[in-house]
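File shown: protein34.txt. Contents: compact mmCIF, C-alpha atoms.
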```
# COMPACT_ATOMS: atom_id res chain seq x y z
CA MET B 1 48.18 102.71 156.82
CA ASN B 2 47.33 105.90 155.00
CA THR B 3 50.80 107.29 155.56
CA ARG B 4 52.36 104.13 154.13
CA LEU B 5 50.32 104.40 150.94
CA ARG B 6 51.14 108.05 150.54
CA LYS B 7 54.90 107.34 150.71
CA GLN B 8 54.56 104.72 147.97
CA GLN B 9 52.61 106.89 145.54
CA GLY B 10 54.59 107.88 142.43
CA SER B 11 57.07 105.01 142.55
CA ALA B 12 55.44 103.42 139.48
CA LEU B 13 56.10 106.66 137.58
CA VAL B 14 59.80 106.56 138.47
CA ILE B 15 60.04 102.91 137.40
CA ALA B 16 58.22 103.65 134.11
CA VAL B 17 60.59 106.54 133.30
CA PHE B 18 63.60 104.32 134.09
CA VAL B 19 62.29 101.52 131.84
CA LEU B 20 61.64 104.01 129.00
CA ILE B 21 65.17 105.40 129.24
CA VAL B 22 66.68 101.90 129.18
CA MET B 23 64.54 100.95 126.17
CA PHE B 24 65.61 104.09 124.27
CA LEU B 25 69.26 103.29 124.97
CA LEU B 26 68.80 99.72 123.75
CA ALA B 27 67.01 100.90 120.60
CA GLY B 28 69.82 103.37 119.85
CA THR B 29 72.42 100.63 120.27
CA LEU B 30 70.52 98.27 117.98
CA ILE B 31 70.18 100.96 115.30
CA ARG B 32 73.93 101.66 115.49
CA MET B 33 74.69 97.92 115.18
CA LEU B 34 72.49 97.65 112.08
CA GLU B 35 74.23 100.64 110.46
CA ASP B 36 77.65 99.11 111.16
CA GLY B 37 76.46 95.83 109.63
CA ASP B 38 75.28 97.62 106.48
CA GLU B 39 78.60 99.42 106.14
CA SER B 40 80.61 96.21 106.51
CA VAL B 41 78.50 94.51 103.81
CA ASN B 42 79.12 97.46 101.46
CA VAL B 43 82.87 97.31 102.06
CA GLU B 44 82.83 93.55 101.46
CA VAL B 45 80.91 93.88 98.17
CA TRP B 46 83.11 96.69 96.84
CA GLY B 47 86.21 94.81 98.01
CA ALA B 48 85.10 91.79 95.99
CA ARG B 49 84.57 94.04 92.95
CA ALA B 50 88.07 95.47 93.34
CA LEU B 51 89.61 92.01 93.74
CA PHE B 52 87.83 90.64 90.68
CA SER B 53 88.85 93.74 88.69
CA ALA B 54 92.49 93.28 89.69
CA ASN B 55 92.33 89.56 88.80
CA SER B 56 90.75 90.32 85.42
CA ALA B 57 93.39 92.93 84.61
CA ALA B 58 96.19 90.48 85.49
CA ASP B 59 94.54 87.86 83.26
CA ALA B 60 94.30 90.38 80.41
CA GLU B 61 97.97 91.25 80.79
CA LEU B 62 98.89 87.54 80.76
CA ALA B 63 96.84 87.14 77.56
CA LYS B 64 98.85 89.95 75.96
CA LEU B 65 102.09 88.46 77.22
CA PHE B 66 101.33 84.90 76.09
CA PRO B 67 98.89 85.14 73.15
CA LEU B 68 97.11 82.00 71.94
CA SER B 69 98.55 82.47 68.45
CA GLY B 70 102.01 81.70 69.78
CA ALA B 71 103.38 85.09 68.73
CA VAL B 72 105.83 86.99 70.90
CA GLY B 73 103.96 88.92 73.59
CA VAL B 74 104.62 92.40 74.83
CA CYS B 75 105.31 93.25 78.45
CA SER B 76 104.21 96.85 78.81
CA ALA B 77 105.87 98.54 81.77
CA THR B 78 102.79 100.46 82.93
CA SER B 79 99.32 100.46 81.52
CA THR B 80 95.73 100.87 82.56
CA TRP B 81 93.06 98.28 82.02
CA THR B 82 89.57 99.48 81.36
CA PRO B 83 87.02 97.08 82.79
CA PRO B 84 83.97 96.26 80.68
CA SER B 85 81.07 98.60 81.30
CA SER B 86 79.00 96.05 83.13
CA VAL B 87 77.41 96.28 86.55
CA GLY B 88 80.10 94.18 88.24
CA PHE B 89 82.98 96.50 87.34
CA HIS B 90 81.15 99.83 87.70
CA GLY B 91 83.28 102.49 89.37
CA CYS B 92 86.58 100.59 89.10
CA THR B 93 89.90 101.66 87.59
CA VAL B 94 92.90 99.36 87.27
CA ALA B 95 96.62 100.10 86.83
CA VAL B 96 98.83 97.25 85.61
CA THR B 97 102.62 96.98 85.60
CA CYS B 98 104.75 94.29 84.00
CA ASN B 99 108.42 93.80 84.89
CA PRO B 100 110.55 91.30 82.92
CA ILE B 101 113.38 89.72 84.91
CA THR B 102 115.98 87.55 83.17
CA VAL B 103 117.99 85.09 85.25
CA ASP B 104 120.31 82.49 83.65
CA GLY B 105 118.69 82.95 80.26
CA VAL B 106 115.15 82.41 81.59
CA THR B 107 112.79 85.38 81.49
CA GLN B 108 110.32 85.75 84.31
CA TYR B 109 107.53 88.30 84.32
CA GLN B 110 106.10 89.96 87.39
CA ILE B 111 102.66 91.42 86.77
CA SER B 112 101.14 93.71 89.38
CA SER B 113 97.54 94.80 89.10
CA ASN B 114 96.14 97.51 91.38
CA ALA B 115 92.36 98.08 91.31
CA VAL B 116 90.52 100.97 92.96
CA CYS B 117 86.73 100.86 93.15
CA GLU B 118 84.78 103.78 94.53
CA THR B 119 81.25 104.99 94.94
CA GLY B 120 79.67 108.12 96.31
CA ASP B 121 81.14 111.61 96.45
CA CYS B 122 84.87 110.80 96.20
CA ALA B 123 85.89 113.69 93.91
CA GLY B 124 88.66 115.63 95.61
CA ASN B 125 87.56 115.07 99.20
CA ALA B 126 88.57 111.63 100.45
CA ALA B 127 87.34 112.49 103.95
CA SER B 128 83.74 112.78 102.78
CA THR B 129 81.31 110.51 104.60
CA ASN B 130 79.56 109.76 101.30
CA CYS B 131 82.72 108.24 99.76
CA LEU B 132 83.52 104.53 99.79
CA ARG B 133 86.86 103.67 98.19
CA VAL B 134 88.36 100.18 98.20
CA ASN B 135 91.77 99.12 96.88
CA ARG B 136 92.96 95.58 96.06
CA GLN B 137 96.28 94.52 94.55
CA VAL B 138 97.15 91.23 92.84
CA GLU B 139 100.62 90.08 91.85
CA VAL B 140 101.24 87.30 89.35
CA GLU B 141 104.54 85.76 88.28
CA ALA B 142 104.93 83.90 85.01
CA ARG B 143 107.85 82.33 83.20
CA GLY B 144 108.37 82.36 79.48
CA ASP B 145 110.44 79.56 77.96
```
Would you mind writing the file's structure down as structure tokens?
Amino acid sequence: MNTRLRKQQGSALVIAVFVLIVMFLLAGTLIRMLEDGDESVNVEVWGARALFSANSAADAELAKLFPLSGAVGVCSATSTWTPPSSVGFHGCTVAVTCNPITVDGVTQYQISSNAVCETGDCAGNAASTNCLRVNRQVEVEARGD
């Protein structure tokens, strides 16, 4: 019986080391999953900011094109829209284009708004890991009678 006990000594140590290694691997996987979740939330938030910026710029261009006073609007070929300096539009720039198209005496306007929102170290090096840049584009068509 003594020889049987001697052969079994140390097996608990091997099992403990195996369990520790498995637990470390699981912890590393969970940490990586949490980091990926944080990154996807950041992209979603900045994507919403870019979309709302693009929508706001298209609305502003429509307001210039069809003013409430009833005056003749101006369709500027290319312009930039500066978002208000509030928290929701921080870090966003918007380029707007307006193309008038006349068919059978009816003028249609195609407004394209391209918003880029960025945060982090995006100056010059787009490959930086500290840079998050999101782009959204909105196109609107309107008809003037």
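Ranking B:Gly91, B:Val96, B:Ala77, B:Glu35 by their shortest atom-to-atom distance to Asp121 of chain B, with only C-alpha atoms included, puts B:Gly91 first.
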- Using all atoms listed in the file, which of the listed residues (B:Val74, B:Val138, B:Val14, B:Val45) sits closest to Cys117 of chain B? B:Val45
With all atoms listed in the file as the counted atoms, please give the residues lying no more than 8 Å from segment 46-50 of chain B, apart from itself and same-chain residues fewer than 6 positions off, as a CSV table (one decimal) with C-alpha atoms, in the coordinates of the input.
```csv
chain,number,residue,atom,x,y,z
B,88,GLY,CA,80.1,94.2,88.2
B,89,PHE,CA,83.0,96.5,87.3
B,92,CYS,CA,86.6,100.6,89.1
B,115,ALA,CA,92.4,98.1,91.3
B,116,VAL,CA,90.5,101.0,93.0
B,117,CYS,CA,86.7,100.9,93.2
B,118,GLU,CA,84.8,103.8,94.5
B,134,VAL,CA,88.4,100.2,98.2
B,135,ASN,CA,91.8,99.1,96.9
B,136,ARG,CA,93.0,95.6,96.1
```
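Closest approach to Thr78 of chain B among B:Ser40, B:Asn130, B:Thr97, B:Ser113 is made by B:Thr97 (distances from only C-alpha atoms).
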- Note on the structure: Computed gap from atom CA of Gly37 of chain B to atom CA of Ala54 of chain B is 25.7 Å
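Candidate residues B:Ile15, B:His90, B:Pro83, B:Pro100 were compared for distance to Asp59 of chain B, and the nearest is B:Pro83, using only C-alpha atoms.
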- Item | Distance query Lys64 of chain B at most 10 Å, only C-alpha atoms, self and fewer than 5 positions along chain excluded, as a PyMOL selection string | chain B and resi 58-59+71-76
Can those selected residues be exported to a file as a PDB file, in the coordinates of the input so that it contains C-alpha atoms?
```
ATOM      1  CA  ALA B  58      96.190  90.480  85.490  1.00  0.00           C
ATOM      2  CA  ASP B  59      94.540  87.860  83.260  1.00  0.00           C
ATOM      3  CA  ALA B  71     103.380  85.090  68.730  1.00  0.00           C
ATOM      4  CA  VAL B  72     105.830  86.990  70.900  1.00  0.00           C
ATOM      5  CA  GLY B  73     103.960  88.920  73.590  1.00  0.00           C
ATOM      6  CA  VAL B  74     104.620  92.400  74.830  1.00  0.00           C
ATOM      7  CA  CYS B  75     105.310  93.250  78.450  1.00  0.00           C
ATOM      8  CA  SER B  76     104.210  96.850  78.810  1.00  0.00           C
TER       9      SER B  76
END
```
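Going from atom CA of Ser79 of chain B over to atom CA of Arg143 of chain B, you cover 20.1 Å.
Residue neighbourhood of Thr119 of chain B, excluding near-sequence residues (fewer than 3 positions): B:Gly91, B:Cys122, B:Cys131, B:Leu132, B:Arg133, at 8 Å, using all atoms listed in the file.
From atom CA of Val94 of chain B back to atom CA of Thr82 of chain B, the distance works out to 6.8 Å.
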